[in-house]
Structure formats: structure tokens, C-alpha cells
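Q: Pasting entry-v3.pdb here (PDB, C-alpha atoms and all ligand atoms):
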ATOM      1  CA  MET A  48     100.887  59.582 146.507
ATOM      2  CA  ILE A  49     100.377  56.175 144.893
ATOM      3  CA  ALA A  50      99.940  52.936 146.852
ATOM      4  CA  ILE A  51     101.698  49.950 145.321
ATOM      5  CA  GLY A  52     101.965  46.303 146.298
ATOM      6  CA  CYS A  53     102.762  42.921 144.868
ATOM      7  CA  ASP A  54     103.121  39.276 145.804
ATOM      8  CA  HIS A  55     106.379  37.328 145.353
ATOM      9  CA  ALA A  56     105.727  37.013 141.588
ATOM     10  CA  GLY A  57     105.632  40.781 141.104
ATOM     11  CA  VAL A  58     108.608  42.087 143.038
ATOM     12  CA  GLU A  59     110.863  42.862 140.060
ATOM     13  CA  MET A  60     108.061  44.524 138.104
ATOM     14  CA  LYS A  61     107.080  46.603 141.130
ATOM     15  CA  LYS A  62     110.675  47.815 141.515
ATOM     16  CA  ALA A  63     110.782  48.724 137.812
ATOM     17  CA  VAL A  64     107.506  50.667 137.990
ATOM     18  CA  ILE A  65     108.581  52.579 141.097
ATOM     19  CA  ALA A  66     111.982  53.449 139.596
ATOM     20  CA  ALA A  67     110.522  54.594 136.265
ATOM     21  CA  LEU A  68     107.722  56.682 137.723
ATOM     22  CA  GLU A  69     109.669  58.223 140.596
ATOM     23  CA  GLU A  70     111.833  59.753 137.884
ATOM     24  CA  LYS A  71     108.684  61.424 136.573
ATOM     25  CA  GLY A  72     107.776  62.856 139.953
ATOM     26  CA  PHE A  73     105.340  60.270 141.337
ATOM     27  CA  GLU A  74     105.643  59.226 144.960
ATOM     28  CA  PHE A  75     104.894  55.708 146.161
ATOM     29  CA  ARG A  76     103.858  54.037 149.372
ATOM     30  CA  ASP A  77     105.176  50.489 148.964
ATOM     31  CA  LEU A  78     103.079  48.029 150.961
ATOM     32  CA  GLY A  79     105.152  44.921 150.222
ATOM     33  CA  THR A  80     106.051  42.248 149.652
ATOM     34  CA  ASP A  81     109.770  42.885 149.440
ATOM     35  CA  GLY A  82     110.400  39.359 148.226
ATOM     36  CA  GLU A  83     109.179  36.906 150.805
ATOM     37  CA  PRO A  84     106.344  34.631 149.621
ATOM     38  CA  CYS A  85     102.934  36.014 150.550
ATOM     39  CA  ASP A  86      99.244  35.687 149.780
ATOM     40  CA  TYR A  87      98.110  38.271 147.225
ATOM     41  CA  PRO A  88      94.713  39.048 148.853
ATOM     42  CA  VAL A  89      96.542  40.353 151.938
ATOM     43  CA  ILE A  90      98.506  42.831 149.854
ATOM     44  CA  ALA A  91      95.448  43.758 147.791
ATOM     45  CA  GLU A  92      93.587  44.693 150.974
ATOM     46  CA  LYS A  93      96.456  46.857 152.253
ATOM     47  CA  VAL A  94      96.749  48.814 149.000
ATOM     48  CA  CYS A  95      92.984  49.239 148.638
ATOM     49  CA  ASN A  96      92.674  50.508 152.200
ATOM     50  CA  GLU A  97      95.306  53.169 151.514
ATOM     51  CA  VAL A  98      93.255  54.385 148.568
ATOM     52  CA  LEU A  99      89.894  54.213 150.353
ATOM     53  CA  GLY A 100      91.340  55.994 153.384
ATOM     54  CA  GLY A 101      92.442  58.884 151.204
ATOM     55  CA  GLY A 102      96.143  58.532 151.960
ATOM     56  CA  CYS A 103      96.814  57.574 148.355
ATOM     57  CA  GLU A 104      95.073  58.752 145.223
ATOM     58  CA  ARG A 105      95.299  55.460 143.313
ATOM     59  CA  GLY A 106      96.816  52.019 143.685
ATOM     60  CA  ILE A 107      98.835  49.536 141.656
ATOM     61  CA  LEU A 108      98.754  45.786 142.353
ATOM     62  CA  ILE A 109     101.010  43.212 140.720
ATOM     63  CA  CYS A 110     100.890  39.434 140.919
ATOM     64  CA  GLY A 111     101.766  36.677 138.453
ATOM     65  CA  THR A 112      98.755  37.157 136.205
ATOM     66  CA  GLY A 113      97.188  40.245 137.762
ATOM     67  CA  ILE A 114      93.980  38.238 137.984
ATOM     68  CA  GLY A 115      94.145  37.196 141.632
ATOM     69  CA  MET A 116      94.869  40.768 142.688
ATOM     70  CA  SER A 117      91.970  42.101 140.610
ATOM     71  CA  ILE A 118      89.509  39.523 141.943
ATOM     72  CA  ALA A 119      90.539  40.283 145.519
ATOM     73  CA  ALA A 120      90.521  44.074 145.105
ATOM     74  CA  ASN A 121      87.101  44.106 143.468
ATOM     75  CA  LYS A 122      85.604  42.404 146.545
ATOM     76  CA  ILE A 123      86.276  45.568 148.538
ATOM     77  CA  LYS A 124      83.551  48.218 148.581
ATOM     78  CA  GLY A 125      84.578  51.373 146.784
ATOM     79  CA  ILE A 126      87.275  49.703 144.708
ATOM     80  CA  ARG A 127      87.123  49.591 140.935
ATOM     81  CA  ALA A 128      90.143  47.515 139.953
ATOM     82  CA  ALA A 129      91.103  47.076 136.305
ATOM     83  CA  LEU A 130      93.370  44.338 134.989
ATOM     84  CA  CYS A 131      95.537  46.227 132.497
ATOM     85  CA  SER A 132      97.651  44.774 129.721
ATOM     86  CA  ASP A 133      97.217  47.232 126.830
ATOM     87  CA  SER A 134      97.259  51.008 126.607
ATOM     88  CA  PHE A 135      93.773  51.431 125.107
ATOM     89  CA  SER A 136      92.044  49.588 127.961
ATOM     90  CA  THR A 137      94.245  51.285 130.528
ATOM     91  CA  LYS A 138      93.339  54.728 129.184
ATOM     92  CA  PHE A 139      89.638  53.999 128.903
ATOM     93  CA  THR A 140      89.274  52.368 132.281
ATOM     94  CA  ARG A 141      90.315  55.711 133.717
ATOM     95  CA  LEU A 142      88.198  57.784 131.310
ATOM     96  CA  HIS A 143      85.039  55.705 131.603
ATOM     97  CA  ASN A 144      85.219  53.541 134.750
ATOM     98  CA  ASP A 145      87.151  55.899 137.035
ATOM     99  CA  SER A 146      89.153  52.856 138.136
ATOM    100  CA  ASN A 147      91.078  53.535 141.303
ATOM    101  CA  ILE A 148      93.289  50.425 141.192
ATOM    102  CA  MET A 149      95.249  48.970 138.296
ATOM    103  CA  CYS A 150      96.393  45.342 138.318
ATOM    104  CA  MET A 151      99.138  43.884 136.163
ATOM    105  CA  GLY A 152     100.563  40.428 135.611
ATOM    106  CA  ALA A 153     104.317  40.161 136.013
ATOM    107  CA  ARG A 154     104.327  36.803 134.216
ATOM    108  CA  VAL A 155     102.309  38.293 131.360
ATOM    109  CA  LEU A 156     103.843  41.699 130.623
ATOM    110  CA  GLY A 157     107.373  42.969 130.239
ATOM    111  CA  ASN A 158     108.571  45.612 132.667
ATOM    112  CA  GLY A 159     108.822  48.256 129.935
ATOM    113  CA  LEU A 160     105.164  47.899 129.006
ATOM    114  CA  ALA A 161     104.150  47.807 132.676
ATOM    115  CA  CYS A 162     105.893  51.134 133.304
ATOM    116  CA  GLU A 163     104.173  52.729 130.294
ATOM    117  CA  LEU A 164     100.762  51.414 131.329
ATOM    118  CA  ALA A 165     101.245  52.639 134.888
ATOM    119  CA  GLU A 166     102.026  56.117 133.573
ATOM    120  CA  VAL A 167      98.892  56.091 131.404
ATOM    121  CA  PHE A 168      96.811  54.968 134.378
ATOM    122  CA  LEU A 169      98.196  57.661 136.662
ATOM    123  CA  THR A 170      97.969  60.544 134.194
ATOM    124  CA  THR A 171      94.519  59.960 132.686
ATOM    125  CA  GLY A 172      91.495  61.625 134.280
ATOM    126  CA  PHE A 173      87.890  60.499 134.580
ATOM    127  CA  GLU A 174      85.612  61.877 131.876
ATOM    128  CA  GLY A 175      82.533  62.089 134.110
ATOM    129  CA  GLY A 176      79.239  62.997 132.427
ATOM    130  CA  ARG A 177      77.270  59.918 131.396
ATOM    131  CA  HIS A 178      80.054  57.748 132.784
ATOM    132  CA  GLN A 179      79.413  59.067 136.290
ATOM    133  CA  ARG A 180      75.906  57.587 136.158
ATOM    134  CA  ARG A 181      77.371  54.211 135.213
ATOM    135  CA  VAL A 182      79.975  54.341 137.940
ATOM    136  CA  ASP A 183      77.180  55.193 140.395
ATOM    137  CA  LEU A 184      75.284  52.117 139.188
ATOM    138  CA  ILE A 185      78.381  49.993 139.863
ATOM    139  CA  THR A 186      78.530  51.445 143.373
ATOM    140  CA  ALA A 187      74.833  50.634 143.873
ATOM    141  CA  LEU A 188      75.573  46.983 143.100
ATOM    142  CA  GLU A 189      77.728  46.888 146.219
ATOM    143  CA  ASN A 190      74.655  47.279 148.409
ATOM    144  CA  LYS A 191      72.291  44.820 146.698
TER     145      LYS A 191
HETATM  146  C1  LIG B   1     101.472  33.068 142.715
HETATM  147  O1  LIG B   1     102.160  31.924 142.358
HETATM  148  C2  LIG B   1     100.364  33.355 141.710
HETATM  149  O2  LIG B   1      99.307  32.464 141.903
HETATM  150  C3  LIG B   1      99.883  34.768 141.870
HETATM  151  O3  LIG B   1     100.953  35.633 141.684
HETATM  152  C4  LIG B   1      98.821  35.268 140.916
HETATM  153  O4  LIG B   1      99.155  35.005 139.599
HETATM  154  C5  LIG B   1      97.453  34.909 141.229
HETATM  155  O5  LIG B   1      96.498  35.322 140.546
END
Mind converting the file's structure to C-alpha cells?
A:
Amino acid sequence: MIAIGCDHAGVEMKKAVIAALEEKGFEFRDLGTDGEPCDYPVIAEKVCNEVLGGGCERGILICGTGIGMSIAANKIKGIRAALCSDSFSTKFTRLHNDSNIMCMGARVLGNGLACELAEVFLTTGFEGGRHQRRVDLITALENK
């Protein structure tokens, strides 16, 4: 199960991602917005809580640039949110950072690319090994 949310700027991209990836067997918990204007940190918190609570494996957040969502999500303990706009970074943030949230900008990317990047994010595993130590060091920063 994948948590997904967006602000008013990301509604069409969110619909496109859900439609494309449901066809490939992914299931989504859509935490809004359905179109009404909203504040992106509110949605970021909802999606992150679904992931931290274990109800969803990973999360996808979409706003105009993806930047506001990523700033907000990365304030939450346990969240490693990656702003994704190319396939290399999207793949390696899973392999090396074990990112649990991806953020995308609906005013930056086309829907086709967003759907491809979401699939990469959801199908790439964490490499572990030396990268686990680095992820643990990121987690330690949360308590300094
Ligand atoms: C909303 O207009 C816009 O500020 C928001 O979607 C996002 O781009 C913020 O980072």
C-alpha cells in the first residue's frame, strides 16, 4: 500500500500516477487534496504519518515544485524524503538513502515522467551494507 497526497497544484499529476500504477498492481491510500486549495505541509504530515505508522510502505507527495513538500516531510522524524526529477537520482535515493517518501513538482515535470519515476521509486530496493551506516547517521542527526 502506497500513501499519496498533493496540494491543489498536484491534483492532475496525482491522478495520473495513481491511474498508471494501479494498472501495474500498486494500491494507493489517497490522502487528498481532491482539488480544493490546501496547505502542503498538512498533506505532507498525513502521508508521512501513514508511512511511519506502518499502514503504507512508502509515500508520494506532489506540489507545484515538490520543494515545499520535501522541506515539510523532512522535518518529521523517521522520514527521508527525496525530491525526484530524474531517473538516476530516483533509483539511487532508494538504493543508497532508503528514502521512504518521494516528492515531485507538478509544475516542473510532465505526467509521463512522473509516472515513470514513481515506478522506479516503488520498485527499487535499499542496497544496505555501508549505506545502512550512513542512513543510521542521518537518523542520529534527528536527536542532536
Ligand atoms: C502552491 O501555489 C505552491 O506554492 C506549492 O504547490 C509548492 O510549489 C510549494 O513548494
Q: On this structure, the PyMOL selection byres (((chain A and resi 48-62) around 8) and not hetatm) would catch which residues? List them as a PDB file with C-alpha atoms, in the coordinates of the input, sorted by chain and number.
A:
ATOM      1  CA  ALA A  63     110.782  48.724 137.812  1.00  0.00           C
ATOM      2  CA  VAL A  64     107.506  50.667 137.990  1.00  0.00           C
ATOM      3  CA  ILE A  65     108.581  52.579 141.097  1.00  0.00           C
ATOM      4  CA  ALA A  66     111.982  53.449 139.596  1.00  0.00           C
ATOM      5  CA  PHE A  73     105.340  60.270 141.337  1.00  0.00           C
ATOM      6  CA  GLU A  74     105.643  59.226 144.960  1.00  0.00           C
ATOM      7  CA  PHE A  75     104.894  55.708 146.161  1.00  0.00           C
ATOM      8  CA  ARG A  76     103.858  54.037 149.372  1.00  0.00           C
ATOM      9  CA  ASP A  77     105.176  50.489 148.964  1.00  0.00           C
ATOM     10  CA  LEU A  78     103.079  48.029 150.961  1.00  0.00           C
ATOM     11  CA  GLY A  79     105.152  44.921 150.222  1.00  0.00           C
ATOM     12  CA  THR A  80     106.051  42.248 149.652  1.00  0.00           C
ATOM     13  CA  ASP A  81     109.770  42.885 149.440  1.00  0.00           C
ATOM     14  CA  GLY A  82     110.400  39.359 148.226  1.00  0.00           C
ATOM     15  CA  GLU A  83     109.179  36.906 150.805  1.00  0.00           C
ATOM     16  CA  PRO A  84     106.344  34.631 149.621  1.00  0.00           C
ATOM     17  CA  CYS A  85     102.934  36.014 150.550  1.00  0.00           C
ATOM     18  CA  ASP A  86      99.244  35.687 149.780  1.00  0.00           C
ATOM     19  CA  TYR A  87      98.110  38.271 147.225  1.00  0.00           C
ATOM     20  CA  ILE A  90      98.506  42.831 149.854  1.00  0.00           C
ATOM     21  CA  ALA A  91      95.448  43.758 147.791  1.00  0.00           C
ATOM     22  CA  VAL A  94      96.749  48.814 149.000  1.00  0.00           C
ATOM     23  CA  GLU A  97      95.306  53.169 151.514  1.00  0.00           C
ATOM     24  CA  VAL A  98      93.255  54.385 148.568  1.00  0.00           C
ATOM     25  CA  GLY A 102      96.143  58.532 151.960  1.00  0.00           C
ATOM     26  CA  CYS A 103      96.814  57.574 148.355  1.00  0.00           C
ATOM     27  CA  GLU A 104      95.073  58.752 145.223  1.00  0.00           C
ATOM     28  CA  ARG A 105      95.299  55.460 143.313  1.00  0.00           C
ATOM     29  CA  GLY A 106      96.816  52.019 143.685  1.00  0.00           C
ATOM     30  CA  ILE A 107      98.835  49.536 141.656  1.00  0.00           C
ATOM     31  CA  LEU A 108      98.754  45.786 142.353  1.00  0.00           C
ATOM     32  CA  ILE A 109     101.010  43.212 140.720  1.00  0.00           C
ATOM     33  CA  CYS A 110     100.890  39.434 140.919  1.00  0.00           C
ATOM     34  CA  GLY A 111     101.766  36.677 138.453  1.00  0.00           C
ATOM     35  CA  GLY A 152     100.563  40.428 135.611  1.00  0.00           C
ATOM     36  CA  ALA A 153     104.317  40.161 136.013  1.00  0.00           C
ATOM     37  CA  ARG A 154     104.327  36.803 134.216  1.00  0.00           C
ATOM     38  CA  ASN A 158     108.571  45.612 132.667  1.00  0.00           C
ATOM     39  CA  ALA A 161     104.150  47.807 132.676  1.00  0.00           C
TER      40      ALA A 161
END
Q: For a test of reading the model, state the distance in Å between CA of Lys122 (chain A) and CA of Thr170 (chain A), rounded to one decimal.
A: 25.2 Å
Q: Measure the distance from CA of Val182 (chain A) to CA of Met116 (chain A) in Å and round it to one decimal.
A: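 Atom-to-atom, CA of Val182 (chain A) and CA of Met116 (chain A) are spaced 20.7 Å apart.
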Q: Can you translate the PyMOL selection byres (((chain A and resi 134) around 12) and not hetatm) into the concrete residues it hits in this file, as a list in words?
A: Leu130, Cys131, Ser132, Asp133, Phe135, Ser136, Thr137, Lys138, Phe139, Thr140, Arg141, Leu160, Ala161, Cys162, Glu163, Leu164, Ala165, Glu166, Val167, Phe168 and Thr171 of chain A
Q: Suppose we keep C-alpha atoms; can you now write the selection as a CSV table (one decimal), keeping the file's coordinate frame?
A:
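Just written: out.csv:
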chain,number,residue,atom,x,y,z
A,130,LEU,CA,93.4,44.3,135.0
A,131,CYS,CA,95.5,46.2,132.5
A,132,SER,CA,97.7,44.8,129.7
A,133,ASP,CA,97.2,47.2,126.8
A,135,PHE,CA,93.8,51.4,125.1
A,136,SER,CA,92.0,49.6,128.0
A,137,THR,CA,94.2,51.3,130.5
A,138,LYS,CA,93.3,54.7,129.2
A,139,PHE,CA,89.6,54.0,128.9
A,140,THR,CA,89.3,52.4,132.3
A,141,ARG,CA,90.3,55.7,133.7
A,160,LEU,CA,105.2,47.9,129.0
A,161,ALA,CA,104.2,47.8,132.7
A,162,CYS,CA,105.9,51.1,133.3
A,163,GLU,CA,104.2,52.7,130.3
A,164,LEU,CA,100.8,51.4,131.3
A,165,ALA,CA,101.2,52.6,134.9
A,166,GLU,CA,102.0,56.1,133.6
A,167,VAL,CA,98.9,56.1,131.4
A,168,PHE,CA,96.8,55.0,134.4
A,171,THR,CA,94.5,60.0,132.7
Q: Where's the centre, and what are the edge lengths in Å to one decimal, of a box along x, y and z enclosing all listed atoms of ligand LIG 1 (chain B) padded 5 Å per side, as AutoDock Vina command-line options?
A:
--center_x 99.3 --center_y 33.8 --center_z 141.2 --size_x 15.7 --size_y 13.7 --size_z 13.1
Q: Enter the distance from CA of Ile126 (chain A) to CA of Glu70 (chain A), in Å, rounded to one decimal.
A: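 Rounded to one decimal, the two atoms are 27.4 Å apart.
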Q: Using all atoms listed in the file, which of the listed residues (A:Ala67, A:Ala129, A:Lys93, A:Val155) sits closest to ligand LIG 1 (chain B)?
A: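 Counting all atoms listed in the file, the residue closest to ligand LIG 1 (chain B) is A:Val155.
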Q: Step by step, work through what the PyMOL selection byres (((chain A and resi 144) around 10) and not hetatm) selects in the shown file, and finish by giving those residues as an mmCIF file with C-alpha atoms, in the coordinates of the input.
A:
data_model
loop_
_atom_site.group_PDB
_atom_site.id
_atom_site.type_symbol
_atom_site.label_atom_id
_atom_site.label_comp_id
_atom_site.auth_asym_id
_atom_site.auth_seq_id
_atom_site.Cartn_x
_atom_site.Cartn_y
_atom_site.Cartn_z
ATOM 1 C CA ARG A 127 87.123 49.591 140.935
ATOM 2 C CA ALA A 128 90.143 47.515 139.953
ATOM 3 C CA ALA A 129 91.103 47.076 136.305
ATOM 4 C CA LYS A 138 93.339 54.728 129.184
ATOM 5 C CA PHE A 139 89.638 53.999 128.903
ATOM 6 C CA THR A 140 89.274 52.368 132.281
ATOM 7 C CA ARG A 141 90.315 55.711 133.717
ATOM 8 C CA LEU A 142 88.198 57.784 131.310
ATOM 9 C CA HIS A 143 85.039 55.705 131.603
ATOM 10 C CA ASP A 145 87.151 55.899 137.035
ATOM 11 C CA SER A 146 89.153 52.856 138.136
ATOM 12 C CA ASN A 147 91.078 53.535 141.303
ATOM 13 C CA PHE A 173 87.890 60.499 134.580
ATOM 14 C CA GLU A 174 85.612 61.877 131.876
ATOM 15 C CA GLY A 175 82.533 62.089 134.110
ATOM 16 C CA HIS A 178 80.054 57.748 132.784
ATOM 17 C CA GLN A 179 79.413 59.067 136.290
ATOM 18 C CA ARG A 181 77.371 54.211 135.213
ATOM 19 C CA VAL A 182 79.975 54.341 137.940
ATOM 20 C CA ASP A 183 77.180 55.193 140.395
ATOM 21 C CA ILE A 185 78.381 49.993 139.863
#
Q: From the set A:Gly172, A:Gly125, A:Gly157, A:Pro88, which residue has the shortest atom-to-atom contact distance to ligand LIG 1 (chain B), counting only C-alpha atoms and all ligand atoms?
A: A:Pro88
Q: Nearest residue to Thr186 (chain A) out of A:Ile123, A:Ile148, A:Leu68, A:Ile114, using only C-alpha atoms?
A: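 Checking each of A:Ile123, A:Ile148, A:Leu68, A:Ile114 against Thr186 (chain A), counting only C-alpha atoms, the winner is A:Ile123.
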Q: Go through A:Thr112, A:Asn190, A:Asn121, A:Asn96 and flag the residue nearest ligand LIG 1 (chain B), using only C-alpha atoms and all ligand atoms for the distances.
A: A:Thr112
Q: Nearest residue to ligand LIG 1 (chain B) out of A:Cys95, A:Lys71, A:Gly101, A:Ala119, using all atoms listed in the file?
A: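 Comparing A:Cys95, A:Lys71, A:Gly101, A:Ala119 against ligand LIG 1 (chain B), the winner is A:Ala119.
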Q: When you count all atoms listed in the file, which of these residues is closest to ligand LIG 1 (chain B): A:Ile118, A:Lys124, A:Glu189, A:Leu169?
A: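 Using all atoms listed in the file, ligand LIG 1 (chain B) sits closest to A:Ile118.
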